[in-house]
Amino acid sequence: MEVKLTIQERLKDLRVVDKHLTLEQLSEQTGLSRSALGNYESNDFKDISPFAVATLAEFYGVSTDYLLGLTENKNHPNTELQALHLNDDMVKLLSSGKINNRLLCEMALHPGFLQLMTDIEICVDRIADMHINDMNQLLETMRQAVIRKYAPEDHDLNVRTLELAQVSEDIFYSHVIHDDLDAIVKDIRAAHQKDRTTADPGHDTAATVEEVQEMLEKAFNYEGNLDLKRAYYICQSLKIDYERLSQDDQEALSRIARKSPVLTTAFSQRGKAAFYQQKNSGKKKRKK
């Protein structure tokens, strides 16, 4: 998921994405120097004058609070809660940080969200229940009439078809709402494939079996007791230089690793494997 934009990123995003301008063009239209504008968008530049902030905010049609990273709203920084029709519990939830408000906004702005809300409203208000019940009753009446008239054998195709055609309200709504929500989530997921904080689908971050075996081998051969070996393995898996850790950090990591039943089992089995490997190797040498 995309993280919160910095001031520099907001300025560049507004210039390139919203206005499609070069620095030279922006300089001509705002009266600010090209070098100053370039510095404002530089990652290591922190000092932007109030005049420049006000000028750029007016030019881009956004609030100064948005440019300074104080709000995520470009144009509605002071909208009254009454106009949003939110109750106190909803305001408290949105302000708590317990949910991803940015993702919630993306879902609400998706073209299929209005359809989802409509279907949920129909489900909650039981608007379609009568029609579903009428349809099911009609199918059941037809099924009973076929049974009385033709006395079909068990597992008759037509009778079973009329039975399966009857749909419960729960199944009907679960499919309808599920399909609506699936479409929204899939589209948002696709839109975030290139985000800096989204996993690259073309890169498998999980270690291979060979890599795990190699790390276990190195850790098991590391000088020290089993606690240190486990800690060394954890550092390998996280690409941390164990030797550069302080002694306190090494000991703390060792105490944590000692509590892992997975590592305890892995190193126990690794020790047995190494023992049998050496034993078999010795037998082969003796045969020669």
# chains A, B, ... in the order shown; residues from 1 in each chain; ligands from 1
>>> select_by_dssp(residues="range 18-203 of chain A", states="helix (DSSP H, G or I)", output="CSV table (one decimal) with N, CA, C and O atoms, in the first residue's frame")
chain,number,residue,atom,x,y,z
A,18,ASP,N,-0.4,16.0,-12.2
A,18,ASP,CA,-1.6,16.9,-12.3
A,18,ASP,C,-1.5,17.9,-13.4
A,18,ASP,O,-2.5,18.1,-14.2
A,23,LEU,N,10.0,21.9,-15.0
A,23,LEU,CA,10.3,22.9,-14.0
A,23,LEU,C,10.4,24.3,-14.7
A,23,LEU,O,10.0,25.3,-14.0
A,24,GLU,N,10.9,24.4,-15.9
A,24,GLU,CA,11.0,25.6,-16.6
A,24,GLU,C,9.6,26.2,-16.8
A,24,GLU,O,9.3,27.4,-16.6
A,25,GLN,N,8.6,25.4,-17.2
A,25,GLN,CA,7.3,25.9,-17.5
A,25,GLN,C,6.6,26.3,-16.2
A,25,GLN,O,5.9,27.3,-16.2
A,26,LEU,N,6.8,25.6,-15.1
A,26,LEU,CA,6.3,26.0,-13.8
A,26,LEU,C,6.9,27.3,-13.3
A,26,LEU,O,6.2,28.2,-12.8
A,27,SER,N,8.2,27.5,-13.6
A,27,SER,CA,8.8,28.7,-13.2
A,27,SER,C,8.2,29.9,-14.0
A,27,SER,O,7.9,31.0,-13.4
A,28,GLU,N,7.9,29.8,-15.2
A,28,GLU,CA,7.4,30.8,-16.1
A,28,GLU,C,6.0,31.2,-15.6
A,28,GLU,O,5.6,32.4,-15.6
A,29,GLN,N,5.2,30.2,-15.1
A,29,GLN,CA,3.8,30.4,-14.8
A,29,GLN,C,3.6,30.9,-13.3
A,29,GLN,O,2.6,31.5,-13.0
A,30,THR,N,4.6,30.7,-12.5
A,30,THR,CA,4.5,31.0,-11.1
A,30,THR,C,5.4,32.2,-10.7
A,30,THR,O,5.1,32.9,-9.6
A,34,ARG,N,13.5,28.6,-11.4
A,34,ARG,CA,13.6,27.2,-11.7
A,34,ARG,C,14.5,26.4,-10.7
A,34,ARG,O,14.2,25.3,-10.3
A,35,SER,N,15.6,27.0,-10.3
A,35,SER,CA,16.5,26.4,-9.3
A,35,SER,C,15.8,26.2,-7.9
A,35,SER,O,15.9,25.1,-7.3
A,36,ALA,N,15.0,27.2,-7.5
A,36,ALA,CA,14.3,27.1,-6.3
A,36,ALA,C,13.2,25.9,-6.3
A,36,ALA,O,13.1,25.1,-5.4
A,37,LEU,N,12.5,25.9,-7.4
A,37,LEU,CA,11.5,24.9,-7.6
A,37,LEU,C,12.1,23.5,-7.6
A,37,LEU,O,11.6,22.5,-7.0
A,38,GLY,N,13.3,23.3,-8.3
A,38,GLY,CA,14.0,22.1,-8.2
A,38,GLY,C,14.4,21.7,-6.9
A,38,GLY,O,14.4,20.5,-6.5
A,39,ASN,N,14.9,22.7,-6.1
A,39,ASN,CA,15.3,22.4,-4.7
A,39,ASN,C,14.1,22.0,-3.8
A,39,ASN,O,14.3,21.1,-3.0
A,40,TYR,N,13.0,22.6,-4.1
A,40,TYR,CA,11.8,22.2,-3.3
A,40,TYR,C,11.4,20.7,-3.4
A,40,TYR,O,10.9,20.1,-2.5
A,50,PRO,N,7.4,30.5,3.1
A,50,PRO,CA,5.9,30.7,3.2
A,50,PRO,C,5.3,31.3,1.9
A,50,PRO,O,4.3,30.9,1.5
A,51,PHE,N,6.1,32.2,1.3
A,51,PHE,CA,5.6,32.8,0.0
A,51,PHE,C,5.5,31.7,-1.1
A,51,PHE,O,4.6,31.7,-1.8
A,52,ALA,N,6.5,30.8,-1.1
A,52,ALA,CA,6.5,29.8,-2.2
A,52,ALA,C,5.4,28.8,-1.9
A,52,ALA,O,4.7,28.4,-2.8
A,53,VAL,N,5.2,28.5,-0.6
A,53,VAL,CA,4.1,27.5,-0.3
A,53,VAL,C,2.8,28.1,-0.7
A,53,VAL,O,1.9,27.4,-1.3
A,54,ALA,N,2.5,29.4,-0.4
A,54,ALA,CA,1.3,30.0,-0.7
A,54,ALA,C,1.1,30.2,-2.2
A,54,ALA,O,0.0,29.9,-2.8
A,55,THR,N,2.2,30.5,-2.9
A,55,THR,CA,2.1,30.6,-4.4
A,55,THR,C,1.8,29.3,-5.1
A,55,THR,O,0.9,29.3,-6.0
A,56,LEU,N,2.5,28.3,-4.7
A,56,LEU,CA,2.3,27.0,-5.3
A,56,LEU,C,0.9,26.4,-4.9
A,56,LEU,O,0.3,25.8,-5.8
A,57,ALA,N,0.4,26.6,-3.7
A,57,ALA,CA,-0.9,26.1,-3.3
A,57,ALA,C,-2.0,26.8,-4.2
A,57,ALA,O,-2.9,26.1,-4.6
A,58,GLU,N,-1.8,28.1,-4.4
A,58,GLU,CA,-2.8,28.8,-5.2
A,58,GLU,C,-2.7,28.3,-6.6
A,58,GLU,O,-3.8,28.2,-7.3
A,59,PHE,N,-1.5,28.1,-7.1
A,59,PHE,CA,-1.4,27.7,-8.5
A,59,PHE,C,-2.0,26.3,-8.8
A,59,PHE,O,-2.7,26.1,-9.8
A,60,TYR,N,-1.7,25.4,-7.8
A,60,TYR,CA,-2.2,24.0,-8.0
A,60,TYR,C,-3.6,23.9,-7.6
A,60,TYR,O,-4.2,22.8,-7.8
A,64,THR,N,-2.7,24.9,1.6
A,64,THR,CA,-1.4,24.9,2.1
A,64,THR,C,-1.1,23.7,3.0
A,64,THR,O,0.0,23.2,3.1
A,65,ASP,N,-2.2,23.3,3.8
A,65,ASP,CA,-2.0,22.2,4.7
A,65,ASP,C,-1.7,20.9,3.9
A,65,ASP,O,-0.9,20.1,4.4
A,66,TYR,N,-2.2,20.8,2.7
A,66,TYR,CA,-1.9,19.6,1.9
A,66,TYR,C,-0.5,19.6,1.5
A,66,TYR,O,0.2,18.6,1.5
A,67,LEU,N,0.0,20.8,1.0
A,67,LEU,CA,1.4,20.9,0.6
A,67,LEU,C,2.4,20.6,1.7
A,67,LEU,O,3.4,20.0,1.5
A,81,LEU,N,-18.2,18.2,9.9
A,81,LEU,CA,-18.6,16.8,10.1
A,81,LEU,C,-20.0,16.6,9.8
A,81,LEU,O,-20.5,15.5,9.3
A,82,GLN,N,-20.8,17.6,10.1
A,82,GLN,CA,-22.3,17.5,9.8
A,82,GLN,C,-22.6,17.3,8.3
A,82,GLN,O,-23.5,16.5,8.0
A,83,ALA,N,-21.7,17.9,7.5
A,83,ALA,CA,-21.9,17.7,6.0
A,83,ALA,C,-21.6,16.3,5.6
A,83,ALA,O,-22.0,15.9,4.5
A,84,LEU,N,-20.8,15.6,6.3
A,84,LEU,CA,-20.4,14.2,6.0
A,84,LEU,C,-21.4,13.2,6.5
A,84,LEU,O,-21.2,12.0,6.1
A,88,ASP,N,-20.8,9.8,15.7
A,88,ASP,CA,-19.7,10.0,16.6
A,88,ASP,C,-18.8,8.7,16.6
A,88,ASP,O,-17.5,8.8,16.6
A,89,ASP,N,-19.4,7.6,16.5
A,89,ASP,CA,-18.6,6.3,16.5
A,89,ASP,C,-17.8,6.2,15.3
A,89,ASP,O,-16.6,5.7,15.3
A,90,MET,N,-18.3,6.6,14.1
A,90,MET,CA,-17.6,6.5,12.9
A,90,MET,C,-16.4,7.5,12.9
A,90,MET,O,-15.3,7.2,12.4
A,91,VAL,N,-16.7,8.7,13.4
A,91,VAL,CA,-15.6,9.7,13.5
A,91,VAL,C,-14.5,9.2,14.4
A,91,VAL,O,-13.3,9.4,14.0
A,92,LYS,N,-14.9,8.6,15.5
A,92,LYS,CA,-13.9,8.0,16.4
A,92,LYS,C,-13.1,6.9,15.7
A,92,LYS,O,-11.8,6.9,15.9
A,93,LEU,N,-13.7,6.1,14.9
A,93,LEU,CA,-13.0,5.0,14.3
A,93,LEU,C,-12.1,5.5,13.2
A,93,LEU,O,-10.9,5.1,13.1
A,94,LEU,N,-12.5,6.5,12.4
A,94,LEU,CA,-11.7,7.1,11.4
A,94,LEU,C,-10.5,7.8,11.9
A,94,LEU,O,-9.4,7.9,11.3
A,95,SER,N,-10.6,8.3,13.1
A,95,SER,CA,-9.5,9.1,13.8
A,95,SER,C,-8.6,8.2,14.6
A,95,SER,O,-7.5,8.6,15.0
A,96,SER,N,-9.0,6.9,14.8
A,96,SER,CA,-8.2,6.1,15.7
A,96,SER,C,-7.0,5.5,15.1
A,96,SER,O,-6.1,5.1,15.8
A,101,ASN,N,-7.6,4.3,6.3
A,101,ASN,CA,-8.5,5.2,5.7
A,101,ASN,C,-8.3,5.5,4.3
A,101,ASN,O,-9.2,5.7,3.5
A,102,ARG,N,-7.0,5.4,3.9
A,102,ARG,CA,-6.7,5.6,2.5
A,102,ARG,C,-7.3,4.5,1.6
A,102,ARG,O,-7.8,4.7,0.5
A,103,LEU,N,-7.2,3.3,2.1
A,103,LEU,CA,-7.7,2.1,1.4
A,103,LEU,C,-9.3,2.2,1.3
A,103,LEU,O,-9.9,1.9,0.3
A,104,LEU,N,-9.8,2.7,2.5
A,104,LEU,CA,-11.3,2.9,2.5
A,104,LEU,C,-11.8,3.9,1.5
A,104,LEU,O,-12.8,3.7,0.8
A,105,CYS,N,-11.0,4.9,1.3
A,105,CYS,CA,-11.3,6.0,0.3
A,105,CYS,C,-11.2,5.4,-1.1
A,105,CYS,O,-12.1,5.6,-2.0
A,106,GLU,N,-10.2,4.6,-1.4
A,106,GLU,CA,-10.1,3.9,-2.7
A,106,GLU,C,-11.2,3.0,-3.0
A,106,GLU,O,-11.7,3.0,-4.1
A,107,MET,N,-11.7,2.3,-2.0
A,107,MET,CA,-12.8,1.4,-2.2
A,107,MET,C,-14.1,2.2,-2.5
A,107,MET,O,-14.8,1.9,-3.4
A,108,ALA,N,-14.3,3.3,-1.7
A,108,ALA,CA,-15.5,4.1,-1.9
A,108,ALA,C,-15.6,4.8,-3.2
A,108,ALA,O,-16.6,5.0,-3.8
A,109,LEU,N,-14.4,5.1,-3.8
A,109,LEU,CA,-14.3,5.8,-5.1
A,109,LEU,C,-14.3,4.9,-6.3
A,109,LEU,O,-14.3,5.3,-7.4
A,113,PHE,N,-18.4,0.5,-6.3
A,113,PHE,CA,-18.8,0.6,-4.9
A,113,PHE,C,-20.3,0.9,-4.7
A,113,PHE,O,-20.9,0.4,-3.8
A,114,LEU,N,-20.8,1.8,-5.6
A,114,LEU,CA,-22.2,2.1,-5.5
A,114,LEU,C,-23.1,0.9,-5.7
A,114,LEU,O,-24.1,0.7,-5.0
A,115,GLN,N,-22.6,0.0,-6.6
A,115,GLN,CA,-23.4,-1.3,-6.8
A,115,GLN,C,-23.3,-2.1,-5.6
A,115,GLN,O,-24.3,-2.7,-5.2
A,116,LEU,N,-22.1,-2.2,-4.9
A,116,LEU,CA,-22.0,-2.9,-3.7
A,116,LEU,C,-22.9,-2.4,-2.6
A,116,LEU,O,-23.6,-3.2,-1.9
A,117,MET,N,-22.9,-1.1,-2.5
A,117,MET,CA,-23.8,-0.5,-1.4
A,117,MET,C,-25.2,-0.8,-1.7
A,117,MET,O,-26.0,-1.0,-0.8
A,118,THR,N,-25.6,-0.7,-3.0
A,118,THR,CA,-27.0,-1.0,-3.4
A,118,THR,C,-27.4,-2.4,-3.0
A,118,THR,O,-28.5,-2.7,-2.4
A,119,ASP,N,-26.5,-3.4,-3.3
A,119,ASP,CA,-26.8,-4.8,-3.1
A,119,ASP,C,-26.9,-5.0,-1.6
A,119,ASP,O,-27.7,-5.8,-1.1
A,120,ILE,N,-26.0,-4.4,-0.8
A,120,ILE,CA,-26.0,-4.5,0.6
A,120,ILE,C,-27.3,-4.0,1.2
A,120,ILE,O,-27.9,-4.6,2.1
A,121,GLU,N,-27.7,-2.8,0.7
A,121,GLU,CA,-28.9,-2.2,1.2
A,121,GLU,C,-30.1,-3.1,0.9
A,121,GLU,O,-31.0,-3.3,1.7
A,122,ILE,N,-30.2,-3.7,-0.3
A,122,ILE,CA,-31.2,-4.7,-0.6
A,122,ILE,C,-31.3,-5.8,0.3
A,122,ILE,O,-32.3,-6.3,0.8
A,123,CYS,N,-30.0,-6.3,0.7
A,123,CYS,CA,-29.9,-7.4,1.6
A,123,CYS,C,-30.4,-7.1,3.0
A,123,CYS,O,-31.2,-7.8,3.6
A,124,VAL,N,-29.9,-5.9,3.5
A,124,VAL,CA,-30.2,-5.5,4.9
A,124,VAL,C,-31.7,-5.2,5.0
A,124,VAL,O,-32.4,-5.6,6.0
A,129,ASP,N,-36.3,-10.4,-0.6
A,129,ASP,CA,-36.6,-11.7,0.0
A,129,ASP,C,-37.9,-12.2,-0.5
A,129,ASP,O,-38.1,-13.4,-0.7
A,130,MET,N,-39.0,-11.4,-0.7
A,130,MET,CA,-40.3,-11.8,-1.1
A,130,MET,C,-40.2,-12.5,-2.5
A,130,MET,O,-40.8,-13.5,-2.8
A,131,HIS,N,-39.4,-11.9,-3.4
A,131,HIS,CA,-39.3,-12.4,-4.7
A,131,HIS,C,-38.5,-13.7,-4.7
A,131,HIS,O,-38.9,-14.6,-5.5
A,132,ILE,N,-37.5,-13.8,-3.9
A,132,ILE,CA,-36.8,-15.1,-3.8
A,132,ILE,C,-37.7,-16.2,-3.3
A,132,ILE,O,-37.7,-17.3,-3.8
A,133,ASN,N,-38.4,-15.9,-2.2
A,133,ASN,CA,-39.3,-16.9,-1.7
A,133,ASN,C,-40.4,-17.3,-2.7
A,133,ASN,O,-40.8,-18.5,-2.7
A,134,ASP,N,-40.9,-16.3,-3.4
A,134,ASP,CA,-41.9,-16.6,-4.4
A,134,ASP,C,-41.4,-17.6,-5.5
A,134,ASP,O,-42.0,-18.5,-5.9
A,135,MET,N,-40.1,-17.3,-5.9
A,135,MET,CA,-39.5,-18.1,-6.9
A,135,MET,C,-39.3,-19.5,-6.4
A,135,MET,O,-39.5,-20.5,-7.1
A,136,ASN,N,-38.8,-19.6,-5.2
A,136,ASN,CA,-38.5,-20.9,-4.6
A,136,ASN,C,-39.8,-21.7,-4.4
A,136,ASN,O,-39.9,-22.9,-4.6
A,137,GLN,N,-40.9,-21.0,-4.0
A,137,GLN,CA,-42.2,-21.7,-3.8
A,137,GLN,C,-42.7,-22.2,-5.1
A,137,GLN,O,-43.3,-23.3,-5.2
A,138,LEU,N,-42.5,-21.4,-6.2
A,138,LEU,CA,-43.0,-21.9,-7.5
A,138,LEU,C,-42.2,-23.1,-8.0
A,138,LEU,O,-42.8,-24.1,-8.5
A,139,LEU,N,-40.9,-23.1,-7.8
A,139,LEU,CA,-40.1,-24.3,-8.2
A,139,LEU,C,-40.5,-25.5,-7.3
A,139,LEU,O,-40.5,-26.7,-7.9
A,140,GLU,N,-40.7,-25.3,-6.1
A,140,GLU,CA,-41.1,-26.5,-5.2
A,140,GLU,C,-42.5,-27.0,-5.6
A,140,GLU,O,-42.7,-28.2,-5.6
A,141,THR,N,-43.4,-26.1,-6.0
A,141,THR,CA,-44.7,-26.6,-6.4
A,141,THR,C,-44.6,-27.4,-7.7
A,141,THR,O,-45.3,-28.5,-7.8
A,142,MET,N,-43.8,-27.0,-8.6
A,142,MET,CA,-43.6,-27.7,-9.8
A,142,MET,C,-42.9,-29.1,-9.5
A,142,MET,O,-43.3,-30.1,-10.1
A,143,ARG,N,-42.0,-29.1,-8.6
A,143,ARG,CA,-41.3,-30.4,-8.2
A,143,ARG,C,-42.3,-31.3,-7.7
A,143,ARG,O,-42.3,-32.5,-8.0
A,144,GLN,N,-43.2,-30.9,-6.8
A,144,GLN,CA,-44.1,-31.8,-6.1
A,144,GLN,C,-45.2,-32.3,-7.2
A,144,GLN,O,-45.6,-33.4,-7.1
A,145,ALA,N,-45.5,-31.4,-8.1
A,145,ALA,CA,-46.5,-31.8,-9.2
A,145,ALA,C,-45.9,-32.9,-10.0
A,145,ALA,O,-46.5,-33.9,-10.4
A,146,VAL,N,-44.6,-32.8,-10.4
A,146,VAL,CA,-43.9,-33.8,-11.2
A,146,VAL,C,-43.8,-35.1,-10.4
A,146,VAL,O,-44.0,-36.2,-11.0
A,147,ILE,N,-43.6,-35.1,-9.1
A,147,ILE,CA,-43.5,-36.3,-8.3
A,147,ILE,C,-44.8,-37.0,-8.3
A,147,ILE,O,-44.9,-38.2,-8.4
A,148,ARG,N,-45.9,-36.2,-8.1
A,148,ARG,CA,-47.3,-36.8,-8.0
A,148,ARG,C,-47.7,-37.4,-9.3
A,148,ARG,O,-48.3,-38.5,-9.4
A,149,LYS,N,-47.4,-36.7,-10.4
A,149,LYS,CA,-47.9,-37.2,-11.7
A,149,LYS,C,-47.1,-38.3,-12.3
A,149,LYS,O,-47.6,-39.3,-12.9
A,150,TYR,N,-45.7,-38.3,-12.1
A,150,TYR,CA,-44.9,-39.3,-12.8
A,150,TYR,C,-44.2,-40.3,-11.9
A,150,TYR,O,-43.7,-41.3,-12.4
A,157,LEU,N,-33.2,-36.8,-12.7
A,157,LEU,CA,-32.5,-35.6,-13.1
A,157,LEU,C,-33.4,-34.3,-13.0
A,157,LEU,O,-33.0,-33.3,-12.5
A,158,ASN,N,-34.7,-34.4,-13.5
A,158,ASN,CA,-35.5,-33.3,-13.6
A,158,ASN,C,-36.0,-32.8,-12.2
A,158,ASN,O,-36.0,-31.7,-11.8
A,159,VAL,N,-36.3,-33.8,-11.3
A,159,VAL,CA,-36.7,-33.5,-10.0
A,159,VAL,C,-35.6,-32.9,-9.2
A,159,VAL,O,-35.8,-31.9,-8.4
A,160,ARG,N,-34.4,-33.4,-9.4
A,160,ARG,CA,-33.2,-32.9,-8.6
A,160,ARG,C,-32.9,-31.5,-9.1
A,160,ARG,O,-32.5,-30.6,-8.3
A,161,THR,N,-33.1,-31.2,-10.4
A,161,THR,CA,-32.8,-29.9,-11.0
A,161,THR,C,-33.8,-28.9,-10.4
A,161,THR,O,-33.4,-27.8,-10.0
A,162,LEU,N,-35.1,-29.2,-10.2
A,162,LEU,CA,-36.0,-28.3,-9.6
A,162,LEU,C,-35.7,-28.1,-8.2
A,162,LEU,O,-36.0,-27.0,-7.6
A,163,GLU,N,-35.1,-29.0,-7.5
A,163,GLU,CA,-34.7,-28.9,-6.1
A,163,GLU,C,-33.5,-27.9,-6.0
A,163,GLU,O,-33.5,-27.0,-5.1
A,164,LEU,N,-32.5,-28.2,-6.8
A,164,LEU,CA,-31.3,-27.4,-6.7
A,164,LEU,C,-31.5,-25.9,-7.2
A,164,LEU,O,-30.7,-25.1,-6.8
A,169,GLU,N,-31.8,-17.4,0.7
A,169,GLU,CA,-31.5,-15.9,0.7
A,169,GLU,C,-30.0,-15.7,1.0
A,169,GLU,O,-29.3,-14.9,0.4
A,170,ASP,N,-29.5,-16.5,2.0
A,170,ASP,CA,-28.1,-16.4,2.4
A,170,ASP,C,-27.1,-16.6,1.2
A,170,ASP,O,-26.2,-15.9,1.0
A,171,ILE,N,-27.4,-17.7,0.4
A,171,ILE,CA,-26.6,-18.1,-0.7
A,171,ILE,C,-26.7,-17.0,-1.8
A,171,ILE,O,-25.7,-16.6,-2.4
A,172,PHE,N,-27.9,-16.5,-2.0
A,172,PHE,CA,-28.1,-15.5,-3.1
A,172,PHE,C,-27.3,-14.3,-2.8
A,172,PHE,O,-26.5,-13.8,-3.6
A,173,TYR,N,-27.4,-13.8,-1.5
A,173,TYR,CA,-26.7,-12.5,-1.2
A,173,TYR,C,-25.2,-12.7,-1.1
A,173,TYR,O,-24.4,-11.8,-1.4
A,174,SER,N,-24.8,-13.9,-0.6
A,174,SER,CA,-23.3,-14.1,-0.4
A,174,SER,C,-22.7,-14.1,-1.8
A,174,SER,O,-21.6,-13.5,-1.9
A,175,HIS,N,-23.3,-14.6,-2.8
A,175,HIS,CA,-22.7,-14.6,-4.1
A,175,HIS,C,-22.7,-13.2,-4.7
A,175,HIS,O,-21.7,-12.8,-5.3
A,176,VAL,N,-23.8,-12.5,-4.6
A,176,VAL,CA,-24.0,-11.2,-5.2
A,176,VAL,C,-23.0,-10.2,-4.6
A,176,VAL,O,-22.2,-9.6,-5.3
A,177,ILE,N,-23.0,-10.2,-3.3
A,177,ILE,CA,-22.1,-9.2,-2.6
A,177,ILE,C,-20.6,-9.6,-2.7
A,177,ILE,O,-19.8,-8.8,-2.8
A,178,HIS,N,-20.4,-10.9,-2.7
A,178,HIS,CA,-19.0,-11.4,-2.8
A,178,HIS,C,-18.5,-11.0,-4.2
A,178,HIS,O,-17.3,-10.6,-4.3
A,179,ASP,N,-19.3,-11.1,-5.2
A,179,ASP,CA,-18.8,-10.8,-6.6
A,179,ASP,C,-18.5,-9.3,-6.7
A,179,ASP,O,-17.5,-8.8,-7.3
A,180,ASP,N,-19.4,-8.5,-6.1
A,180,ASP,CA,-19.2,-7.0,-6.1
A,180,ASP,C,-17.9,-6.6,-5.4
A,180,ASP,O,-17.1,-5.9,-5.9
A,181,LEU,N,-17.7,-7.2,-4.2
A,181,LEU,CA,-16.5,-6.9,-3.4
A,181,LEU,C,-15.2,-7.4,-4.1
A,181,LEU,O,-14.2,-6.8,-4.1
A,182,ASP,N,-15.3,-8.6,-4.7
A,182,ASP,CA,-14.1,-9.2,-5.4
A,182,ASP,C,-13.6,-8.3,-6.5
A,182,ASP,O,-12.4,-8.1,-6.6
A,183,ALA,N,-14.5,-7.8,-7.3
A,183,ALA,CA,-14.2,-6.9,-8.4
A,183,ALA,C,-13.5,-5.6,-7.9
A,183,ALA,O,-12.5,-5.2,-8.5
A,184,ILE,N,-13.9,-5.1,-6.8
A,184,ILE,CA,-13.3,-3.8,-6.3
A,184,ILE,C,-11.9,-4.1,-5.7
A,184,ILE,O,-11.0,-3.4,-6.1
A,185,VAL,N,-11.8,-5.2,-5.0
A,185,VAL,CA,-10.5,-5.5,-4.4
A,185,VAL,C,-9.4,-5.9,-5.4
A,185,VAL,O,-8.3,-5.5,-5.4
A,186,LYS,N,-9.9,-6.6,-6.4
A,186,LYS,CA,-8.9,-7.0,-7.5
A,186,LYS,C,-8.4,-5.8,-8.3
A,186,LYS,O,-7.2,-5.7,-8.6
A,187,ASP,N,-9.3,-4.8,-8.5
A,187,ASP,CA,-8.9,-3.6,-9.3
A,187,ASP,C,-7.9,-2.8,-8.4
A,187,ASP,O,-6.9,-2.3,-9.0
A,188,ILE,N,-8.2,-2.6,-7.1
A,188,ILE,CA,-7.3,-1.9,-6.3
A,188,ILE,C,-6.0,-2.6,-6.1
A,188,ILE,O,-4.9,-1.9,-6.1
A,189,ARG,N,-6.0,-3.9,-6.0
A,189,ARG,CA,-4.8,-4.7,-5.9
A,189,ARG,C,-3.9,-4.5,-7.1
A,189,ARG,O,-2.7,-4.3,-7.0
A,190,ALA,N,-4.6,-4.5,-8.3
A,190,ALA,CA,-3.8,-4.3,-9.6
A,190,ALA,C,-3.2,-2.9,-9.6
A,190,ALA,O,-2.1,-2.7,-10.1
A,191,ALA,N,-4.0,-1.9,-9.1
A,191,ALA,CA,-3.5,-0.5,-9.2
A,191,ALA,C,-2.3,-0.3,-8.3
A,191,ALA,O,-1.5,0.6,-8.5
>>> residues_around(residues="range 6-9 of chain A", least_positions_apart="4", cutoff="10 Å", atoms="only C-alpha atoms", output="PDB file with C-alpha atoms, in the first residue's frame")
ATOM      1  CA  ASP A  13       3.295  14.792  -8.095  1.00  0.00           C
ATOM      2  CA  LEU A  14       1.263  17.967  -8.562  1.00  0.00           C
ATOM      3  CA  ARG A  15       3.655  19.315 -11.181  1.00  0.00           C
ATOM      4  CA  GLY A  38      13.994  22.064  -8.249  1.00  0.00           C
ATOM      5  CA  ASN A  39      15.316  22.392  -4.698  1.00  0.00           C
ATOM      6  CA  TYR A  40      11.793  22.215  -3.257  1.00  0.00           C
ATOM      7  CA  GLU A  41      11.312  18.817  -4.921  1.00  0.00           C
ATOM      8  CA  SER A  42      14.707  17.514  -3.813  1.00  0.00           C
ATOM      9  CA  ASN A  43      14.596  14.831  -1.118  1.00  0.00           C
ATOM     10  CA  ASP A  44      17.277  16.480   1.006  1.00  0.00           C
ATOM     11  CA  PHE A  45      15.794  20.004   0.851  1.00  0.00           C
ATOM     12  CA  LYS A  46      13.755  21.066   3.893  1.00  0.00           C
ATOM     13  CA  ILE A  48      10.524  26.201   1.697  1.00  0.00           C
ATOM     14  CA  TYR A  66      -1.936  19.594   1.922  1.00  0.00           C
ATOM     15  CA  LEU A  67       1.383  20.878   0.558  1.00  0.00           C
ATOM     16  CA  LEU A  68       2.899  20.799   4.052  1.00  0.00           C
ATOM     17  CA  GLY A  69       1.704  17.242   4.693  1.00  0.00           C
ATOM     18  CA  LEU A  70      -0.733  18.248   7.445  1.00  0.00           C
TER      19      LEU A  70
END
>>> closest_residue(among="A:Ala252, A:Leu5, A:Leu228, A:Ala257", to="Thr71 in chain A", atoms="only C-alpha atoms")
A:Leu5
>>> closest_residue(among="A:Met215, A:Val17, A:Gly224, A:Cys235", to="Asp249 in chain A", atoms="only C-alpha atoms")
A:Cys235
>>> atom_distance(atom1="CA of Ser63 in chain A", atom2="CA of Ile99 in chain A")
25.0 Å
>>> closest_residue(among="A:Ile127, A:Ala165, A:Val62, A:Val212", to="Arg10 in chain A", atoms="only C-alpha atoms")
A:Val62
>>> atom_distance(atom1="CA of Tyr232 in chain A", atom2="CA of Pro261 in chain A")
16.1 Å
>>> atom_distance(atom1="CA of Thr264 in chain A", atom2="CA of Ala231 in chain A")
11.3 Å
>>> residues_around(residues="Arg230 in chain A", least_positions_apart="4", cutoff="9 Å", atoms="only C-alpha atoms", output="list in words")
Leu216, Ala219, Phe220, Asn225, Leu226, Ile234, Cys235, Leu253, Ser254, Ala257, Arg258, Leu263, Thr264 and Phe267 of chain A
